[in-house]
Amino acid sequence: MKPHPFLPLLTVLALGATAFAEDGSAIKAPLKATGDADAVGVAVASLKSKRAEFIVKVGKLDAAKTFAVEVDSVIEGSLTTDRAGKGSARFVTPAKNGAALLDFDPRGKLVRVLDGTTSVLEGIVSGTGEEEGAEVNEKVDLAKDDAPDKAKSKARYSVDRKGRRTFRVDVANVTGGPFKVLVAGVERGSITLKGKAGSLTFENPQKKPTTPLLDFDPRGEVVEILEGTTVRFSDKLEAESRGVNVASPSLSEIALPAVSAPNGSSAHAKLRIDQRARKHFSVEIEGVAAGSYDLKVGGATPAVGTLVVAPGTTRAEIEFTSGDDSPGELPLTFDPVGKTLSIVQGATKFFEGVFNPNLTGAGTPTASEPASEFEEVLASTGLDADASAKAKYKVDAQGRHSFSVEIEKVDLGAYTLTVGGTVRGTITAKSVAGQIKGELEFESESEPGKKVLTFDPRGQTIEISNASGVLFSHLLGSGSATGGGGQVTPFDLTVALTSSGADSDATAKAEYTRDETGDLSLELEVEDLPVGTYDLLIGAKASTIVVASASGGTRGKAKFESDPKPGQGLLNFPVFGEVIQIKQGATVYFSRTFPTP
C-alpha cells in the first residue's frame with residue numbers, strides 16, 4: 001500500500017507503550033483500495049478487559065460524502081469525509097457521547113467501507129488474509145486448570161510492521177516438567193524449566209535456526225500447557241473485553257403493535273445477549289392464521305426472513321444469532337436496535353413497531369406501567385452451597401416501582417450487588433433471630449432506609465459477590481433457578497480435541513455451554529480435514545459430522561441442544577467426563593475426554 005498520511009498517529013494509539021499494561025489486544029489493520037485506487041484507510045482496535053475502542057479512518061475519498069462501515073456483513077456505523085476527503089468512525093465501550101457503541105468483536109472479520117453497496121476500502125482485522133503492514137499484539141493470561149496457586153502462564157502473539165511474527169508461551173512459579181505446548185489440540189513443542197520458570201518462542205522468519213518456526217496461527221485457538229497427561233493451564237488466545245466478547249447476559253423484549261392483525265393476536269421481538277456478548281434476536285407471532293409472514297427491518301427489501309405458521313397452528317418464531325453459523329440458526333446480518341420491524345403478508349402489514357429496548361437497564365423505570373409483581377430465586381454458583389438468594393420486583397397500582405434482593409444462610413459480612421455490570425449497593429448479612437440474612441431495597445420514590453431505584457434490573461444479570469468471588473449470578477426475568485431444576489449456573493467451556501497426527505493440518509474443538517435460561521448446547525467444529533462424512537462419538541452417543549469446502553479450506557459442524565432447532569441434534573446425553581472422537585473407518589483423527597470442571 002501507499003504511505004499512509006495518518007498512520008503515525010494511529011500506530012501510537014494501537015501499539016503505544018501502555019498497550020499491554022494489562023492483558024489485551026492491540027491491532028492496526030491496513031485497508032486496501034477496492035474502488036478509487038488512491039484511497040487509503042486503516043482500522044485500529046485497542047481491546048482491554050473493561051474498555052475498548054475501534055476506529056476506522058480513511059483518506060483520499062470523495063469530499064463531503066457519507067460512507068457506511070460494515071463489519072462481517074453488518075452495517076455497524078458510518079463516516080462522513082471532510083473537504084479533504086478524510087473521515088473516521090469511532091466505536092467505544094463503555095458508551096460515550098459522540099461515539100458509537102462497540103458491541104461487536106472486529107477480530108478476524110472483514111471490514112469494508114461502502115459507497116452505497118460498493119466497497120471502496122476493505123481489509124481483515126487480525127486474521128487470515130490480513131493486508132501487508134498489519135500490526136498485532138494479542139496477550140492473555142492462561143487460566144489454571146490443575147496448577148499450584150501461585151503458578152502463572154501467559155501466551156502472546158505479535159506481528160510487527162515488517163511482517164515478523166512471534167508466538168511465545170511462558171510459565172512461572174512451577175516445578176517439574178517438561179511442559180508440552182498444544183495449540184488447537186496439536187502438540188507444537190515443550191518447555192523445559194530453568195529454576196521455576198520457562199518459555200517457548202516460535203518465529204517466522206527465524207532469527208536462529210534453532211528457534212522453532214511459526215508455521216501456524218494461534219489466534220483464537222485454545223492454548224494448553226500439559227505436564228504428562230495433566231492439563232496445567234488452558235485458555236483461548238483471544239483477550240477478553242467486556243461488551244466485545246464477554247458480557248453480563250441480558251434480555252430485552254418489546255411487543256409490536258398490531259396494524260391489521262386479528263383481535264387476540266400478538267407479536268413480540270426479543271434480544272438476548274449471552275455471556276460471550278453474542279446477540280440472539282427472535283420474533284414471535286401468535287393468534288394468526290396459517291401461512292407465511294415476512295419480517296422486514298427498517299423497511300428494507302427484501303425481507304430478512306419468513307415466519308411460517310403451520311396448518312392447524314397459530315404460532316411461529318424466527319431466530320437469528322450473531323457470530324454463529326451453526327446448523328438451525330440464521331446469521332444475524334443486521335442490527336435490529338432502533339429499527340422499525342414490520343411483519344407483513346403481501347401488501348398487508350399485520351404488526352409494526354420500533355424495536356428500541358433498554359439494553360443496559362439504565363434510567364428510572366417508567367411510572368406509566370400497569371401493576372405487576374414477580375419473585376425469582378437466584379442461581380447459585382456453588383461457591384457457598386448452603387446459601388440462597390431471591391429478588392423481587394413490583395409495580396403497584398400507582399405506578400411506583402420497588403426492587404429488593406435478599407440473601408440467607410451466608411457468612412456474616414458485606415456482599416456487593418452488581419446489576420448489569422454496574423455496582424448498585426452493598427448487602428450486609430447480619431444474625432437475625434438465629435439466622436444470618438441480609439436485604440437491600442430500592443424504591444422509585446425516596447423512602448427512609450431504602451435506596452432510590454434509578455435503574456431497571458429486569459432483563460439484566462444480577463451478581464452477588466464478596467472477597468471469595470461471585471456467589472450468585474442470575475438473569476432476572478428468566479425464571480427461578482430452583483423448583484425442581486436445582487442450580488442453573490451458566491457456563492461456557494471450550495476445549496481443543498487432541499489430534500492423533502493422522503492429519504497434521506486439521507484442528508477440532510468442542511464447546512459446551514449452559515446459558516442463563518438453563519438451556520444446554522454442545523457444538524463440535526472441525527477444520528481442514530478432507531471433504532467427507534466422519535463418525536462423531538461422544539461417549540455412547542454416535543452421530544456424524546460432514547466436512548465441506550469453505551472459505552480458506554474445509555469445515556464441518558455439528559450441534560446438539562437441549563431444546564433443538566431444525567438441523568440440530570437433541571442433547572440428552574452426558575458430556576462431562578465423556579470421550580469425544582472424530583474418526584473415519586479405523587482412522588481416529590481426534591480424541592479428547594471432555595473435562596469435568
# chains A, B, ... in the order shown; residues from 1 in each chain; ligands from 1
call {"tool": "residues_around", "arguments": {"residues": "Gly228 of chain A", "least_positions_apart": "5", "cutoff": "10 Å", "atoms": "only C-alpha atoms", "output": "PyMOL selection string"}}
result
chain A and resi 177-180
call {"tool": "select_by_dssp", "arguments": {"residues": "segment 8-187 of chain A", "states": "helix (DSSP H, G or I)", "output": "list in words"}}
result
Pro8, Leu9, Leu10, Thr11, Val12, Leu13, Ala14 and Leu15 of chain A
call {"tool": "write_last_selection", "arguments": {"atoms": "N, CA, C and O atoms", "output": "tab-separated table (two decimals), in the first residue's frame"}}
result
chain	number	residue	atom	x	y	z
A	8	PRO	N	1.12	7.39	11.49
A	8	PRO	CA	1.86	7.52	12.75
A	8	PRO	C	0.97	7.70	13.96
A	8	PRO	O	1.17	7.07	14.99
A	9	LEU	N	-0.06	8.53	13.87
A	9	LEU	CA	-0.95	8.77	14.99
A	9	LEU	C	-1.64	7.48	15.43
A	9	LEU	O	-1.69	7.15	16.61
A	10	LEU	N	-2.14	6.72	14.45
A	10	LEU	CA	-2.88	5.51	14.78
A	10	LEU	C	-1.97	4.41	15.30
A	10	LEU	O	-2.36	3.59	16.10
A	11	THR	N	-0.73	4.39	14.82
A	11	THR	CA	0.23	3.41	15.33
A	11	THR	C	0.50	3.63	16.81
A	11	THR	O	0.55	2.70	17.61
A	12	VAL	N	0.63	4.90	17.20
A	12	VAL	CA	0.83	5.22	18.61
A	12	VAL	C	-0.38	4.80	19.44
A	12	VAL	O	-0.27	4.22	20.51
A	13	LEU	N	-1.59	5.04	18.89
A	13	LEU	CA	-2.81	4.68	19.61
A	13	LEU	C	-2.89	3.18	19.85
A	13	LEU	O	-3.19	2.73	20.94
A	14	ALA	N	-2.58	2.40	18.81
A	14	ALA	CA	-2.76	0.95	18.92
A	14	ALA	C	-1.63	0.26	19.65
A	14	ALA	O	-1.84	-0.70	20.37
A	15	LEU	N	-0.40	0.71	19.46
A	15	LEU	CA	0.75	-0.06	19.91
A	15	LEU	C	1.67	0.75	20.81
A	15	LEU	O	2.87	0.53	20.86
call {"tool": "residues_around", "arguments": {"residues": "Tyr415 of chain A", "least_positions_apart": "4", "cutoff": "7 Å", "atoms": "only C-alpha atoms", "output": "list in words"}}
result
Thr426, Ile427, Thr428, Ile464, Ser465 and Asn466 of chain A
call {"tool": "residues_around", "arguments": {"residues": "Gly363 of chain A", "least_positions_apart": "6", "cutoff": "8 Å", "atoms": "only C-alpha atoms", "output": "ChimeraX atom specification"}}
result
/A:454-456
call {"tool": "write_last_selection", "arguments": {"atoms": "all heavy atoms", "output": "compact mmCIF listing (two decimals), in the first residue's frame"}}
result
# COMPACT_ATOMS: atom_id res chain seq x y z
N THR A 454 -32.88 3.95 40.44
CA THR A 454 -32.53 4.77 39.27
C THR A 454 -32.14 3.90 38.07
O THR A 454 -31.49 4.38 37.15
CB THR A 454 -31.36 5.70 39.60
OG1 THR A 454 -30.25 4.90 40.03
CG2 THR A 454 -31.75 6.67 40.71
N PHE A 455 -32.52 2.62 38.10
CA PHE A 455 -32.19 1.68 37.03
C PHE A 455 -33.29 0.64 36.96
O PHE A 455 -34.14 0.55 37.85
CB PHE A 455 -30.84 1.01 37.29
CG PHE A 455 -30.80 0.23 38.58
CD1 PHE A 455 -31.05 -1.14 38.60
CD2 PHE A 455 -30.52 0.87 39.79
CE1 PHE A 455 -31.02 -1.85 39.79
CE2 PHE A 455 -30.49 0.16 40.99
CZ PHE A 455 -30.74 -1.20 40.98
N ASP A 456 -33.31 -0.13 35.89
CA ASP A 456 -34.30 -1.20 35.73
C ASP A 456 -33.55 -2.53 35.68
O ASP A 456 -32.85 -2.82 34.70
CB ASP A 456 -35.09 -0.99 34.44
CG ASP A 456 -36.32 -1.90 34.36
OD1 ASP A 456 -36.33 -2.94 35.06
OD2 ASP A 456 -37.24 -1.59 33.59
call {"tool": "select_by_dssp", "arguments": {"residues": "segment 470-542 of chain A", "states": "strand (DSSP E or B)", "output": "ChimeraX atom specification"}}
result
/A:470-475,491-496,498-499,507-514,520-527,532-538,541-542
call {"tool": "write_last_selection", "arguments": {"atoms": "C-alpha atoms", "output": "JSON list (two decimals), in the first residue's frame"}}
result
[["chain", "number", "residue", "atom", "x", "y", "z"],
["A", 470, "VAL", "CA", -19.36, -14.50, 42.93],
["A", 471, "LEU", "CA", -21.92, -16.45, 44.95],
["A", 472, "PHE", "CA", -24.96, -15.81, 42.73],
["A", 473, "SER", "CA", -25.35, -14.95, 39.05],
["A", 474, "HIS", "CA", -28.85, -14.75, 37.61],
["A", 475, "LEU", "CA", -30.67, -13.20, 34.65],
["A", 491, "PHE", "CA", -21.02, -21.93, 31.93],
["A", 492, "ASP", "CA", -19.13, -21.78, 28.65],
["A", 493, "LEU", "CA", -16.32, -24.32, 28.20],
["A", 494, "THR", "CA", -14.29, -24.73, 25.02],
["A", 495, "VAL", "CA", -11.66, -27.45, 24.61],
["A", 496, "ALA", "CA", -9.48, -28.41, 21.68],
["A", 498, "THR", "CA", -6.36, -33.67, 20.59],
["A", 499, "SER", "CA", -5.03, -34.54, 17.14],
["A", 507, "THR", "CA", -7.96, -28.98, 14.03],
["A", 508, "ALA", "CA", -11.12, -29.61, 16.01],
["A", 509, "LYS", "CA", -12.79, -28.19, 19.10],
["A", 510, "ALA", "CA", -15.84, -28.73, 21.30],
["A", 511, "GLU", "CA", -17.83, -26.02, 23.07],
["A", 512, "TYR", "CA", -20.24, -26.96, 25.85],
["A", 513, "THR", "CA", -22.46, -24.23, 27.27],
["A", 514, "ARG", "CA", -25.40, -23.67, 29.55],
["A", 520, "LEU", "CA", -27.62, -26.73, 27.22],
["A", 521, "SER", "CA", -25.67, -26.68, 23.96],
["A", 522, "LEU", "CA", -22.78, -28.75, 22.60],
["A", 523, "GLU", "CA", -21.10, -27.69, 19.36],
["A", 524, "LEU", "CA", -18.34, -29.58, 17.55],
["A", 525, "GLU", "CA", -16.28, -27.91, 14.82],
["A", 526, "VAL", "CA", -13.53, -29.34, 12.64],
["A", 527, "GLU", "CA", -11.37, -27.55, 10.08],
["A", 532, "GLY", "CA", -16.38, -36.13, 3.52],
["A", 533, "THR", "CA", -18.52, -37.61, 6.30],
["A", 534, "TYR", "CA", -16.89, -38.56, 9.60],
["A", 535, "ASP", "CA", -18.11, -40.56, 12.60],
["A", 536, "LEU", "CA", -18.65, -38.48, 15.73],
["A", 537, "LEU", "CA", -18.66, -40.34, 19.05],
["A", 538, "ILE", "CA", -19.50, -38.64, 22.37],
["A", 541, "LYS", "CA", -23.70, -41.19, 21.62],
["A", 542, "ALA", "CA", -22.99, -41.87, 17.93]]
call {"tool": "closest_residue", "arguments": {"among": "A:Ala95, A:Leu214, A:Ala502, A:Ala147", "to": "Thr587 of chain A", "atoms": "only C-alpha atoms"}}
result
A:Ala502
call {"tool": "residues_around", "arguments": {"residues": "Ser368 of chain A", "least_positions_apart": "5", "cutoff": "9 Å", "atoms": "only C-alpha atoms", "output": "ChimeraX atom specification"}}
result
/A:398-400
call {"tool": "write_last_selection", "arguments": {"atoms": "N, CA, C and O atoms", "output": "PDB file, in the first residue's frame"}}
result
ATOM      1  N   GLN A 398     -50.229   2.578  41.671  1.00  0.00           N
ATOM      2  CA  GLN A 398     -49.900   3.982  41.438  1.00  0.00           C
ATOM      3  C   GLN A 398     -48.691   4.148  40.501  1.00  0.00           C
ATOM      4  O   GLN A 398     -48.221   5.269  40.281  1.00  0.00           O
ATOM      5  N   GLY A 399     -48.185   3.025  39.969  1.00  0.00           N
ATOM      6  CA  GLY A 399     -47.052   3.095  39.057  1.00  0.00           C
ATOM      7  C   GLY A 399     -45.710   3.211  39.749  1.00  0.00           C
ATOM      8  O   GLY A 399     -44.701   3.489  39.093  1.00  0.00           O
ATOM      9  N   ARG A 400     -45.666   2.992  41.077  1.00  0.00           N
ATOM     10  CA  ARG A 400     -44.397   3.038  41.799  1.00  0.00           C
ATOM     11  C   ARG A 400     -43.691   1.699  41.688  1.00  0.00           C
ATOM     12  O   ARG A 400     -44.319   0.647  41.821  1.00  0.00           O
TER      13      ARG A 400
END
call {"tool": "residues_around", "arguments": {"residues": "Asp149 of chain A", "least_positions_apart": "4", "cutoff": "10 Å", "atoms": "only C-alpha atoms", "output": "PDB file with C-alpha atoms, in the first residue's frame"}}
result
ATOM      1  CA  LYS A 144      -5.123 -22.514  35.682  1.00  0.00           C
ATOM      2  CA  ASN A 173       6.191 -20.410  39.748  1.00  0.00           C
ATOM      3  CA  VAL A 174       6.015 -24.055  38.696  1.00  0.00           C
TER       4      VAL A 174
END
call {"tool": "residues_around", "arguments": {"residues": "Ser78 of chain A", "least_positions_apart": "4", "cutoff": "7 Å", "atoms": "only C-alpha atoms", "output": "short mmCIF file (atom, residue, chain, number, x, y, z; two decimals) with C-alpha atoms, in the first residue's frame"}}
result
data_model
loop_
_atom_site.label_atom_id
_atom_site.label_comp_id
_atom_site.auth_asym_id
_atom_site.auth_seq_id
_atom_site.Cartn_x
_atom_site.Cartn_y
_atom_site.Cartn_z
CA THR A 66 -21.11 9.68 3.80
CA PHE A 67 -19.85 6.10 3.69
CA ALA A 68 -21.13 3.06 5.58
CA VAL A 69 -18.83 0.98 7.80
CA ALA A 89 -15.80 6.30 12.54
#
call {"tool": "closest_residue", "arguments": {"among": "A:Asn263, A:Ser153, A:Thr333, A:Ser158", "to": "Ala197 of chain A", "atoms": "only C-alpha atoms"}}
result
A:Ser153
call {"tool": "closest_residue", "arguments": {"among": "A:Val288, A:Ile75, A:Leu271, A:Val44", "to": "Ile124 of chain A", "atoms": "only C-alpha atoms"}}
result
A:Val44
call {"tool": "closest_residue", "arguments": {"among": "A:Leu295, A:Ala389, A:Leu47, A:Val74", "to": "Phe334 of chain A", "atoms": "only C-alpha atoms"}}
result
A:Val74
call {"tool": "atom_distance", "arguments": {"atom1": "atom CA of Thr210 of chain A", "atom2": "atom CA of Asp505 of chain A"}}
result
22.4 Å
